[in-house]
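Undergrad: Have a look at the structure that comes next, please.
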Number of protein chains: 2
Amino acid sequence: MKLQTARGVQDTPPEEKIIKNKVVDTLREVFQLYGFAPLETPIIERYETLTAKFAAGEASDALKETFTLTDQGKRDLGLRFDLTVPLARFVAMNPTLKMPFKRFEMGSVFRDGPIKAGRVRQFWQCDVDTIGSKSMLADAEIIAIMSTGFNKLKLDTIIKVNNRKLLNGILEQAGIENKEEAIISIDKLAKIRVTGVTEELLEKGFKKKQINAIFELIQENISLAGIKKKITSEEGKEGVKELEEVFSYLRSMGIKSAKFDVSLARGLAYYTGTIFEAFMKKGKITSSLAAGGRWDNMIGNFMGGNRVVPAVGGSFGLVPIIESIKEKENLVKRTLAKVFVIPIKTEKESLQIVQQLRNEGIAADYDLNGRGMSKNLQYANTLGIPYAIIIGSDEVKKNKVLLRDMVTGDQKLLALKSVVKKLKQDG
Amino acid sequence: MKLQTARGVQDTPPEEKIIKNKVVDTLREVFQLYGFAPLETPIIERYETLTAKFAAGEASDALKETFTLTDQGKRDLGLRFDLTVPLARFVAMNPTLKMPFKRFEMGSVFRDGPIKAGRVRQFWQCDVDTIGSKSMLADAEIIAIMSTGFNKLKLDTIIKVNNRKLLNGILEQAGIENKEEAIISIDKLAKIRVTGVTEELLEKGFKKKQINAIFELIQENISLAGIKKKITSEEGKEGVKELEEVFSYLRSMGIKSAKFDVSLARGLAYYTGTIFEAFMKKGKITSSLAAGGRWDNMIGNFMGGNRVVPAVGGSFGLVPIIESIKEKENLVKRTLAKVFVIPIKTEKESLQIVQQLRNEGIAADYDLNGRGMSKNLQYANTLGIPYAIIIGSDEVKKNKVLLRDMVTGDQKLLALKSVVKKLKQDG
């Protein structure tokens, strides 16, 4: 029998999971600071829910890649491919939910897609959404969450902000009907510049005049005030107004890392207003770390009838965030233990001491296998534990312990109280 | 289209997820205090892994209830039904792992079983295991984790401890061959007393003489010293010795909630030594809150060949733990927001204040929909937010805010600094 994971899924070993937990905990803390509450939806959904037209419409790739299964009662089921469909179902199923409903959910989603570099079949999504508010305050709040989140993760990011109504207005002014196709090319502006986008639009059959009209408004670094002067379509003006509101709220909130960028397009067609995307200012990671926008139509469509249920939210990409953190930190930790306790024929006293450390809130590991000193130090070192405590009969007599700094090798004879103080200060 | 979850799975709405997170966070903190590191294994495994003989052997019910699926490459897959099989696979796949490998994993497992009260098809397991140590210290550590965990959760529990070798020895002395069948009945001693167990054993065809011999040793409240005097079989003596060691370590560690109980049997046949199970001392919840034991054979069997990979671990039952906590707490919280900020025509200033609160680490929510006072208070009340802050132009002029206690209705005009201090003290 071959020992391996299923194709396209992977184990997250301790050295990875420790970083992942740190990111997830930080995001959760920030979501909660902003008054968002946790929700957990099941991994298995009815296949009918996943294929509901609203869900399929724009996310048909996701649908093709849905893992399907049946239960013992032959019911058709699927593994969720995102956290948005389950959210829409949850809101639709709970009509007495108090609005606005501010929730976050973090968990695994599944895509049975082709395996390429960086593509896996099970990965986490971290979503935060406000359901039931049309106010641009709700949009500003999601952007503020991204800003606060990246601050707490010590990642220097910029959040580009735009608006689908503005983009639609610009394309209308340029006389373009196939807006989706044009948007796909415009989305590449930062990468392939005006020359590249122009070429691509020409290839797609857009006219030179239309393309010129697009670039009359879509310019890198054009300000919102600059756009405002040139926009004439009603939808475009509405977009500008919404953006002005969002930035006004962000100013009141003291959020400075958000910046208007008219070239930001975002692929997903279900966005209806504000869109935003966060990038590292420097470093190798050029893909976005988080993105989101307003999606006012999906939940209403899902519920049927004519209800409009406004929604705005964002999603954090754990993989690029973790990569960005790793780029800065190079210490591998295989455990969160702060100290490894090594008894030298002082088992009983050492056990008492290791428990005292734990009672003080200091994560402490202990030699379980009765090994010699050098093997124990090697073990602590491989696991990346920063300190060791060595307790021989001499130490017991003196009522002290020998604290060893695993990085420098320095050893000091200290009272346990001093060790506790030092390890606590050490964070 | 019917809006519903798949059969047998359920949403965990905020008021439930908040409690669940609290339990999961506490357990994680305790696991890490004891030097255990986090691992995450995939939800999807190769079907072959799940059906491997070792896995099927004892857990054949779980296997019958395994959700199966295939990927686009027609590979046979299944959803994991526990966290033990993935752990065994992970250890077997990573031969360079430093031993002892102390890991915990918390996540969803799946069983396609019949739907009864309290049985669901997706539920969380919280497992903690030490791989690669034969020492009874490792067993004591798992029991200590249970004790510390329940202390931190403020649940008054007793941890019953026994040993499979001792039980086997007793049954050997009683001349019983079909030990598994006898153990299933003995496991019910606390519920149906000696009379009930005797009846059941007679029905199963055991002889009166055998049954008497069993109860010669298996008595409620018999001490380990009492058993030791009566046990004659080699395996039984070995079990007593192991128990003596475990309790000696627990005494050194200051763990007092563990108690020897010779009638504790635990169903799963893969246990090879120490077994333990935690129960509430009082209250309605009589099912166990956590359980575990030593399982020295499974990983070696899984890897094939003659390797022995000792293992000991425990599993916490989130559902009974959450039920026990709910029994004591009756406040429903639908958010972790500590305060709800209500502007009265002071949007800009109020936004600044809500951000100041968040910067101070105080979870704060804000009126997104421009509602009137009474609707806002009603909203905050429904969500279970303990405080509201009301900011009108008068408050802005005085550079103060009106803090309202949502439970008592008391209102006080305070400087923001005092509010921050009060809300922080309030926990």
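Simple scheme: letters A, B, ... for chains in structure tokens order, numbers from 1 for residues in each chain, numbers from 1 for ligands in the order shown.
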Out of stretch 143-327 of chain B, which residues get strand (DSSP E or B) from DSSP, as a list in words?

TA: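 DSSP on the backbone gives strand (DSSP E or B) at Thr157, Ile158, Ile159, Lys160, Val161, Asn162, Asn163, Ala258, Lys259, Phe260, Thr274, Ile275, Phe276, Glu277, Ala278, Phe279, Met280, Ala290, Ala291, Gly292, Gly293, Arg294, Ala311, Val312, Gly313, Gly314, Ser315 and Phe316 of chain B.
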
Undergrad: Taking only C-alpha atoms into account and nothing else, which residues of chain A lie no more than 7 Å away from chain B? Please answer as an MDAnalysis selection string.

TA: chainID A and resid 3:6 9:14 17:18 32:42 44:46 67:69 71:72 89 93 112 133 135 137:138 252:253 334:337 348 351:352 355 358 361:365 368:369

Undergrad: Could you do a least-squares fit of chain B on chain A over every C-alpha atom, in sequence order, and give the output as a compact mmCIF listing (two decimals) with C-alpha atoms, in the first residue's frame?

TA:
```
# COMPACT_ATOMS: atom_id res chain seq x y z
CA MET B 1 0.00 0.06 -0.04
CA LYS B 2 1.29 3.48 -1.02
CA LEU B 3 1.39 6.01 1.77
CA GLN B 4 0.29 9.30 0.34
CA THR B 5 -2.32 12.01 0.57
CA ALA B 6 -5.09 12.23 -1.98
CA ARG B 7 -4.00 14.02 -5.15
CA GLY B 8 -3.95 17.80 -4.89
CA VAL B 9 -4.44 18.04 -1.12
CA GLN B 10 -1.71 18.39 1.46
CA ASP B 11 -0.85 18.09 5.11
CA THR B 12 -0.11 21.31 6.97
CA PRO B 13 2.73 20.24 9.29
CA PRO B 14 3.32 22.07 12.60
CA GLU B 15 5.89 24.53 11.20
CA GLU B 16 3.28 25.69 8.63
CA LYS B 17 0.22 25.36 10.84
CA ILE B 18 1.78 27.57 13.52
CA ILE B 19 2.08 30.44 11.02
CA LYS B 20 -1.38 29.73 9.60
CA ASN B 21 -2.94 29.83 13.08
CA LYS B 22 -1.21 33.12 13.76
CA VAL B 23 -2.71 34.66 10.63
CA VAL B 24 -6.16 33.18 11.23
CA ASP B 25 -6.15 34.31 14.88
CA THR B 26 -5.12 37.84 13.91
CA LEU B 27 -7.83 38.10 11.27
CA ARG B 28 -10.43 36.75 13.68
CA GLU B 29 -9.36 39.28 16.31
CA VAL B 30 -9.74 42.10 13.78
CA PHE B 31 -13.11 40.88 12.47
CA GLN B 32 -14.37 40.77 16.04
CA LEU B 33 -12.94 44.21 16.83
CA TYR B 34 -15.15 45.53 14.05
CA GLY B 35 -18.22 43.78 15.47
CA PHE B 36 -18.36 40.81 13.11
CA ALA B 37 -19.55 37.48 14.52
CA PRO B 38 -18.31 33.99 13.62
CA LEU B 39 -20.41 31.58 11.53
CA GLU B 40 -19.65 28.00 10.57
CA THR B 41 -21.48 26.39 7.68
CA PRO B 42 -21.18 22.72 6.72
CA ILE B 43 -18.61 21.49 4.22
CA ILE B 44 -21.27 19.34 2.56
CA GLU B 45 -24.15 21.12 0.78
CA ARG B 46 -27.06 19.86 -1.29
CA TYR B 47 -25.92 19.73 -4.92
CA GLU B 48 -29.01 21.74 -5.85
CA THR B 49 -27.85 24.57 -3.58
CA LEU B 50 -24.43 24.67 -5.20
CA THR B 51 -25.86 24.63 -8.74
CA ALA B 52 -28.59 27.17 -8.09
CA LYS B 53 -28.58 29.50 -11.06
CA PHE B 54 -27.21 32.41 -9.12
CA ALA B 55 -24.31 30.32 -7.97
CA ALA B 56 -23.57 28.81 -11.33
CA GLY B 57 -24.06 31.98 -13.35
CA GLU B 58 -20.78 33.69 -12.70
CA ALA B 59 -18.88 30.92 -10.97
CA SER B 60 -19.36 28.23 -13.60
CA ASP B 61 -15.70 27.23 -13.37
CA ALA B 62 -16.18 26.55 -9.70
CA LEU B 63 -19.23 24.47 -10.52
CA LYS B 64 -17.40 22.32 -13.07
CA GLU B 65 -14.83 21.70 -10.37
CA THR B 66 -17.30 20.78 -7.64
CA PHE B 67 -16.62 17.49 -5.85
CA THR B 68 -19.91 15.54 -5.88
CA LEU B 69 -21.03 12.68 -3.65
CA THR B 70 -24.19 10.98 -2.45
CA ASP B 71 -25.27 9.88 1.01
CA GLN B 72 -26.78 6.50 1.94
CA GLY B 73 -30.19 7.90 0.98
CA LYS B 74 -28.84 8.57 -2.56
CA ARG B 75 -29.21 12.31 -2.11
CA ASP B 76 -27.04 14.42 -4.43
CA LEU B 77 -24.49 16.40 -2.47
CA GLY B 78 -21.36 18.42 -3.12
CA LEU B 79 -18.41 19.87 -1.22
CA ARG B 80 -18.68 23.67 -0.98
CA PHE B 81 -16.43 25.52 -3.45
CA ASP B 82 -16.60 28.84 -1.61
CA LEU B 83 -18.08 30.38 1.54
CA THR B 84 -20.39 32.77 -0.30
CA VAL B 85 -22.99 30.25 -1.48
CA PRO B 86 -23.38 28.78 2.04
CA LEU B 87 -23.69 32.33 3.42
CA ALA B 88 -26.42 33.17 0.90
CA ARG B 89 -28.23 29.94 1.82
CA PHE B 90 -27.88 30.67 5.54
CA VAL B 91 -29.27 34.19 5.17
CA ALA B 92 -32.12 32.96 2.96
CA MET B 93 -32.98 30.19 5.47
CA ASN B 94 -33.04 32.57 8.44
CA PRO B 95 -35.49 35.35 7.63
CA THR B 96 -35.59 36.57 11.25
CA LEU B 97 -31.86 37.35 11.26
CA LYS B 98 -31.28 40.90 12.54
CA MET B 99 -29.95 43.18 9.82
CA PRO B 100 -27.25 44.20 9.23
CA PHE B 101 -25.88 40.69 9.69
CA LYS B 102 -22.12 41.03 10.07
CA ARG B 103 -20.41 37.68 9.91
CA PHE B 104 -17.04 36.12 9.14
CA GLU B 105 -16.26 32.53 8.27
CA MET B 106 -12.92 30.82 7.87
CA GLY B 107 -12.62 27.27 6.62
CA SER B 108 -11.84 24.80 3.87
CA VAL B 109 -13.32 24.91 0.40
CA PHE B 110 -12.80 22.39 -2.39
CA ARG B 111 -12.13 22.52 -6.15
CA ASP B 112 -11.60 19.41 -8.24
CA GLY B 113 -9.48 21.26 -10.77
CA PRO B 114 -6.31 20.49 -12.70
CA ILE B 115 -3.20 20.42 -10.53
CA LYS B 116 -0.79 23.22 -11.34
CA ALA B 117 1.90 24.94 -9.35
CA GLY B 118 0.23 26.65 -6.42
CA ARG B 119 -3.20 25.16 -7.12
CA VAL B 120 -4.61 22.75 -4.59
CA ARG B 121 -7.93 20.97 -4.27
CA GLN B 122 -8.59 21.92 -0.65
CA PHE B 123 -7.75 25.38 0.67
CA TRP B 124 -8.96 27.83 3.27
CA GLN B 125 -11.02 30.92 2.62
CA CYS B 126 -11.33 33.73 5.17
CA ASP B 127 -14.40 35.79 4.37
CA VAL B 128 -15.95 38.78 6.10
CA ASP B 129 -19.28 40.22 4.90
CA THR B 130 -21.97 42.66 5.94
CA ILE B 131 -25.45 41.67 4.78
CA GLY B 132 -28.31 44.14 4.80
CA SER B 133 -26.70 47.56 4.53
CA LYS B 134 -26.67 49.75 1.43
CA SER B 135 -24.55 52.38 3.15
CA MET B 136 -21.03 53.03 1.86
CA LEU B 137 -20.09 52.94 5.56
CA ALA B 138 -20.32 49.16 5.30
CA ASP B 139 -17.91 49.20 2.34
CA ALA B 140 -15.53 51.49 4.24
CA GLU B 141 -15.66 49.14 7.22
CA ILE B 142 -14.51 46.15 5.15
CA ILE B 143 -11.64 48.21 3.69
CA ALA B 144 -10.74 49.38 7.22
CA ILE B 145 -10.66 45.73 8.35
CA MET B 146 -8.16 44.94 5.61
CA SER B 147 -6.03 47.90 6.63
CA THR B 148 -6.13 46.99 10.34
CA GLY B 149 -5.56 43.31 9.59
CA PHE B 150 -2.44 43.92 7.54
CA ASN B 151 -1.14 46.41 10.12
CA LYS B 152 -1.47 43.76 12.81
CA LEU B 153 0.23 41.21 10.56
CA LYS B 154 2.99 43.79 9.98
CA LEU B 155 2.54 43.58 6.22
CA ASP B 156 2.96 46.89 4.42
CA THR B 157 0.13 46.89 1.89
CA ILE B 158 -1.80 49.23 -0.34
CA ILE B 159 -5.51 48.75 -0.89
CA LYS B 160 -6.67 49.77 -4.34
CA VAL B 161 -10.31 50.88 -4.47
CA ASN B 162 -12.60 51.32 -7.47
CA ASN B 163 -16.29 51.01 -8.34
CA ARG B 164 -18.04 48.84 -10.93
CA LYS B 165 -20.62 51.53 -11.64
CA LEU B 166 -17.81 53.93 -12.51
CA LEU B 167 -16.19 51.34 -14.78
CA ASN B 168 -19.50 50.62 -16.47
CA GLY B 169 -20.02 54.35 -16.93
CA ILE B 170 -16.59 54.75 -18.54
CA LEU B 171 -17.24 51.87 -20.92
CA GLU B 172 -20.65 53.28 -21.75
CA GLN B 173 -19.05 56.64 -22.59
CA ALA B 174 -16.59 54.78 -24.79
CA GLY B 175 -19.48 53.13 -26.63
CA ILE B 176 -18.57 49.62 -25.54
CA GLU B 177 -21.24 46.97 -25.26
CA ASN B 178 -19.28 43.85 -24.35
CA LYS B 179 -18.17 45.32 -21.04
CA GLU B 180 -17.03 42.07 -19.47
CA GLU B 181 -14.48 41.38 -22.23
CA ALA B 182 -13.12 44.92 -22.01
CA ILE B 183 -12.84 44.70 -18.22
CA ILE B 184 -10.81 41.47 -18.44
CA SER B 185 -8.20 43.31 -20.51
CA ILE B 186 -8.29 46.53 -18.47
CA ASP B 187 -7.61 44.43 -15.37
CA LYS B 188 -4.11 43.79 -16.79
CA LEU B 189 -3.15 47.47 -17.08
CA ALA B 190 -0.67 47.40 -14.19
CA LYS B 191 1.07 44.35 -15.71
CA ILE B 192 1.09 44.95 -19.47
CA ARG B 193 0.68 48.75 -19.54
CA VAL B 194 -1.38 50.76 -22.01
CA THR B 195 0.41 49.26 -25.03
CA GLY B 196 -0.38 45.71 -23.98
CA VAL B 197 -4.00 46.40 -23.11
CA THR B 198 -4.50 48.29 -26.36
CA GLU B 199 -3.10 45.37 -28.36
CA GLU B 200 -5.35 42.94 -26.55
CA LEU B 201 -8.44 45.10 -27.04
CA LEU B 202 -7.66 45.49 -30.75
CA GLU B 203 -7.30 41.71 -31.05
CA LYS B 204 -10.67 41.34 -29.38
CA GLY B 205 -12.13 43.55 -32.13
CA PHE B 206 -12.64 46.78 -30.21
CA LYS B 207 -12.21 49.92 -32.31
CA LYS B 208 -9.30 52.32 -31.96
CA LYS B 209 -11.74 55.12 -31.19
CA GLN B 210 -13.32 53.11 -28.36
CA ILE B 211 -9.92 52.26 -26.93
CA ASN B 212 -8.83 55.89 -26.99
CA ALA B 213 -12.04 56.84 -25.23
CA ILE B 214 -11.29 54.25 -22.53
CA PHE B 215 -7.80 55.59 -21.91
CA GLU B 216 -9.11 59.11 -21.85
CA LEU B 217 -10.45 58.16 -18.40
CA ILE B 218 -8.59 55.07 -17.33
CA GLN B 219 -5.15 56.39 -16.55
CA GLU B 220 -2.76 55.20 -13.92
CA ASN B 221 -2.67 57.68 -11.05
CA ILE B 222 -5.67 59.66 -12.23
CA SER B 223 -7.41 61.06 -9.17
CA LEU B 224 -11.06 60.68 -8.30
CA ALA B 225 -11.45 64.44 -8.75
CA GLY B 226 -9.84 64.10 -12.21
CA ILE B 227 -12.29 61.36 -13.21
CA LYS B 228 -15.21 63.31 -11.82
CA LYS B 229 -14.58 66.18 -14.24
CA LYS B 230 -14.65 63.86 -17.24
CA ILE B 231 -17.44 61.44 -16.42
CA THR B 232 -20.78 62.18 -18.05
CA SER B 233 -22.84 58.95 -17.80
CA GLU B 234 -25.36 58.66 -14.99
CA GLU B 235 -24.03 55.30 -13.79
CA GLY B 236 -20.48 56.64 -13.83
CA LYS B 237 -21.49 59.65 -11.76
CA GLU B 238 -23.22 57.37 -9.26
CA GLY B 239 -19.96 55.39 -8.99
CA VAL B 240 -17.96 58.55 -8.33
CA LYS B 241 -20.41 59.59 -5.63
CA GLU B 242 -20.12 56.21 -3.91
CA LEU B 243 -16.33 56.37 -4.03
CA GLU B 244 -16.36 59.88 -2.56
CA GLU B 245 -18.48 58.58 0.30
CA VAL B 246 -16.23 55.57 0.91
CA PHE B 247 -13.10 57.73 1.04
CA SER B 248 -14.79 60.30 3.26
CA TYR B 249 -15.63 57.56 5.78
CA LEU B 250 -12.12 56.13 5.53
CA ARG B 251 -10.67 59.55 6.31
CA SER B 252 -12.89 59.84 9.41
CA MET B 253 -11.69 56.39 10.45
CA GLY B 254 -8.06 57.36 9.96
CA ILE B 255 -7.44 54.69 7.30
CA LYS B 256 -4.60 55.80 5.06
CA SER B 257 -3.57 52.72 3.09
CA ALA B 258 -6.57 52.80 0.72
CA LYS B 259 -6.07 54.50 -2.64
CA PHE B 260 -8.38 55.13 -5.60
CA ASP B 261 -7.28 53.20 -8.71
CA VAL B 262 -9.54 53.44 -11.74
CA SER B 263 -7.72 50.57 -13.44
CA LEU B 264 -8.73 48.04 -10.78
CA ALA B 265 -11.38 45.85 -12.39
CA ARG B 266 -11.69 42.50 -10.50
CA GLY B 267 -12.89 39.59 -12.60
CA LEU B 268 -16.03 38.47 -10.85
CA ALA B 269 -19.13 39.77 -12.57
CA TYR B 270 -21.30 39.59 -9.49
CA TYR B 271 -19.82 42.78 -8.02
CA THR B 272 -22.24 45.69 -8.25
CA GLY B 273 -20.44 48.70 -6.74
CA THR B 274 -17.30 49.22 -4.70
CA ILE B 275 -14.41 46.85 -5.48
CA PHE B 276 -11.03 46.65 -3.74
CA GLU B 277 -7.88 44.60 -3.68
CA ALA B 278 -4.83 44.66 -1.38
CA PHE B 279 -1.23 44.22 -2.50
CA MET B 280 2.18 44.21 -0.82
CA LYS B 281 4.00 47.50 -1.41
CA LYS B 282 7.32 45.69 -1.79
CA GLY B 283 8.63 42.15 -2.05
CA LYS B 284 8.26 39.17 -4.34
CA ILE B 285 4.58 38.50 -3.74
CA THR B 286 2.76 40.40 -6.49
CA SER B 287 -0.59 38.57 -6.32
CA SER B 288 -3.26 40.18 -4.18
CA LEU B 289 -3.42 39.37 -0.44
CA ALA B 290 -7.10 40.20 -0.07
CA ALA B 291 -9.94 41.42 -2.23
CA GLY B 292 -13.62 42.10 -2.18
CA GLY B 293 -16.46 44.35 -3.07
CA ARG B 294 -20.17 44.98 -3.03
CA TRP B 295 -22.46 42.23 -4.31
CA ASP B 296 -26.03 43.46 -3.92
CA ASN B 297 -27.85 41.01 -6.19
CA MET B 298 -26.76 37.50 -5.33
CA ILE B 299 -28.68 36.80 -2.12
CA GLY B 300 -31.92 38.30 -3.46
CA ASN B 301 -31.63 36.18 -6.63
CA PHE B 302 -31.00 33.15 -4.48
CA MET B 303 -34.11 33.77 -2.39
CA GLY B 304 -36.24 34.33 -5.46
CA GLY B 305 -38.95 36.96 -5.67
CA ASN B 306 -38.03 40.60 -5.82
CA ARG B 307 -36.22 41.07 -2.54
CA VAL B 308 -33.00 43.02 -2.66
CA VAL B 309 -30.49 42.01 -0.01
CA PRO B 310 -27.46 44.30 -0.21
CA ALA B 311 -24.09 42.82 0.70
CA VAL B 312 -20.46 43.86 0.83
CA GLY B 313 -17.47 41.82 1.86
CA GLY B 314 -13.90 40.78 1.47
CA SER B 315 -11.83 37.64 1.34
CA PHE B 316 -8.27 37.17 2.61
CA GLY B 317 -5.88 34.90 0.71
CA LEU B 318 -4.08 32.83 3.32
CA VAL B 319 -1.48 31.43 0.92
CA PRO B 320 -0.04 34.77 -0.30
CA ILE B 321 -0.30 36.22 3.22
CA ILE B 322 1.67 33.30 4.67
CA GLU B 323 4.20 33.55 1.83
CA SER B 324 4.64 37.27 2.57
CA ILE B 325 5.21 36.58 6.25
CA LYS B 326 7.70 33.81 5.49
CA GLU B 327 9.61 36.18 3.24
CA LYS B 328 10.33 38.30 6.32
CA GLU B 329 10.77 35.60 8.97
CA ASN B 330 13.19 32.77 8.58
CA LEU B 331 12.97 31.01 11.92
CA VAL B 332 11.32 27.61 11.64
CA LYS B 333 9.27 26.71 14.70
CA ARG B 334 7.96 23.17 14.96
CA THR B 335 6.29 23.79 18.32
CA LEU B 336 5.16 26.76 20.37
CA ALA B 337 6.91 25.39 23.47
CA LYS B 338 9.02 28.14 24.97
CA VAL B 339 11.20 25.91 27.10
CA PHE B 340 12.27 22.27 27.22
CA VAL B 341 12.83 20.82 30.69
CA ILE B 342 15.59 18.22 31.09
CA PRO B 343 15.79 16.28 34.38
CA ILE B 344 19.06 14.70 35.50
CA LYS B 345 17.84 12.07 37.95
CA THR B 346 15.39 14.59 39.37
CA GLU B 347 12.22 13.38 37.74
CA LYS B 348 9.83 14.24 40.54
CA GLU B 349 11.18 17.74 41.16
CA SER B 350 11.45 18.42 37.44
CA LEU B 351 7.84 17.40 36.88
CA GLN B 352 6.78 19.80 39.61
CA ILE B 353 8.75 22.57 37.92
CA VAL B 354 7.39 21.90 34.44
CA GLN B 355 3.85 22.08 35.88
CA GLN B 356 4.65 25.34 37.68
CA LEU B 357 5.78 26.82 34.36
CA ARG B 358 2.57 25.66 32.66
CA ASN B 359 0.48 27.08 35.51
CA GLU B 360 2.22 30.41 34.86
CA GLY B 361 1.11 30.22 31.24
CA ILE B 362 4.53 29.30 29.86
CA ALA B 363 4.37 26.59 27.20
CA ALA B 364 6.79 23.94 28.43
CA ASP B 365 7.88 20.59 27.04
CA TYR B 366 9.57 17.80 28.96
CA ASP B 367 11.88 14.83 28.26
CA LEU B 368 9.41 11.93 28.00
CA ASN B 369 11.89 9.30 26.92
CA GLY B 370 14.60 9.51 29.59
CA ARG B 371 17.28 10.53 27.13
CA GLY B 372 20.74 11.91 27.84
CA MET B 373 21.60 15.59 27.85
CA SER B 374 22.95 15.94 24.32
CA LYS B 375 20.06 14.08 22.72
CA ASN B 376 17.61 16.22 24.62
CA LEU B 377 19.33 19.44 23.57
CA GLN B 378 19.39 18.24 19.98
CA TYR B 379 15.66 17.49 20.13
CA ALA B 380 14.86 20.93 21.59
CA ASN B 381 17.04 22.53 18.93
CA THR B 382 15.40 20.70 16.02
CA LEU B 383 11.97 21.74 17.25
CA GLY B 384 13.10 25.37 17.50
CA ILE B 385 12.45 25.68 21.25
CA PRO B 386 14.28 28.85 22.40
CA TYR B 387 15.20 27.79 25.97
CA ALA B 388 16.08 24.66 27.94
CA ILE B 389 15.98 24.18 31.69
CA ILE B 390 18.36 21.64 33.18
CA ILE B 391 17.66 20.28 36.65
CA GLY B 392 20.20 18.10 38.44
CA SER B 393 20.43 17.24 42.14
CA ASP B 394 22.72 20.26 42.70
CA GLU B 395 20.07 22.59 41.30
CA VAL B 396 17.41 20.91 43.46
CA LYS B 397 19.57 21.42 46.56
CA LYS B 398 20.12 25.09 45.73
CA ASN B 399 16.44 25.48 44.84
CA LYS B 400 17.47 26.85 41.44
CA VAL B 401 17.44 25.73 37.80
CA LEU B 402 19.95 26.04 34.99
CA LEU B 403 18.45 28.10 32.15
CA ARG B 404 20.08 27.60 28.77
CA ASP B 405 19.58 29.97 25.85
CA MET B 406 19.35 27.54 22.93
CA VAL B 407 20.53 30.12 20.40
CA THR B 408 23.61 31.47 22.18
CA GLY B 409 24.33 28.46 24.41
CA ASP B 410 24.60 30.74 27.47
CA GLN B 411 23.63 29.07 30.74
CA LYS B 412 22.59 30.76 33.98
CA LEU B 413 21.72 29.38 37.40
CA LEU B 414 18.48 31.09 38.38
CA ALA B 415 15.59 30.84 40.81
CA LEU B 416 12.45 29.56 39.09
CA LYS B 417 10.75 32.88 39.81
CA SER B 418 13.39 34.75 37.76
CA VAL B 419 13.03 32.22 34.94
CA VAL B 420 9.28 32.73 34.84
CA LYS B 421 9.75 36.48 34.75
CA LYS B 422 12.34 36.29 31.98
CA LEU B 423 10.32 33.91 29.80
CA LYS B 424 7.19 35.99 30.20
CA GLN B 425 9.00 39.20 29.23
CA ASP B 426 10.43 37.39 26.24
CA GLY B 427 6.90 37.30 24.81
```
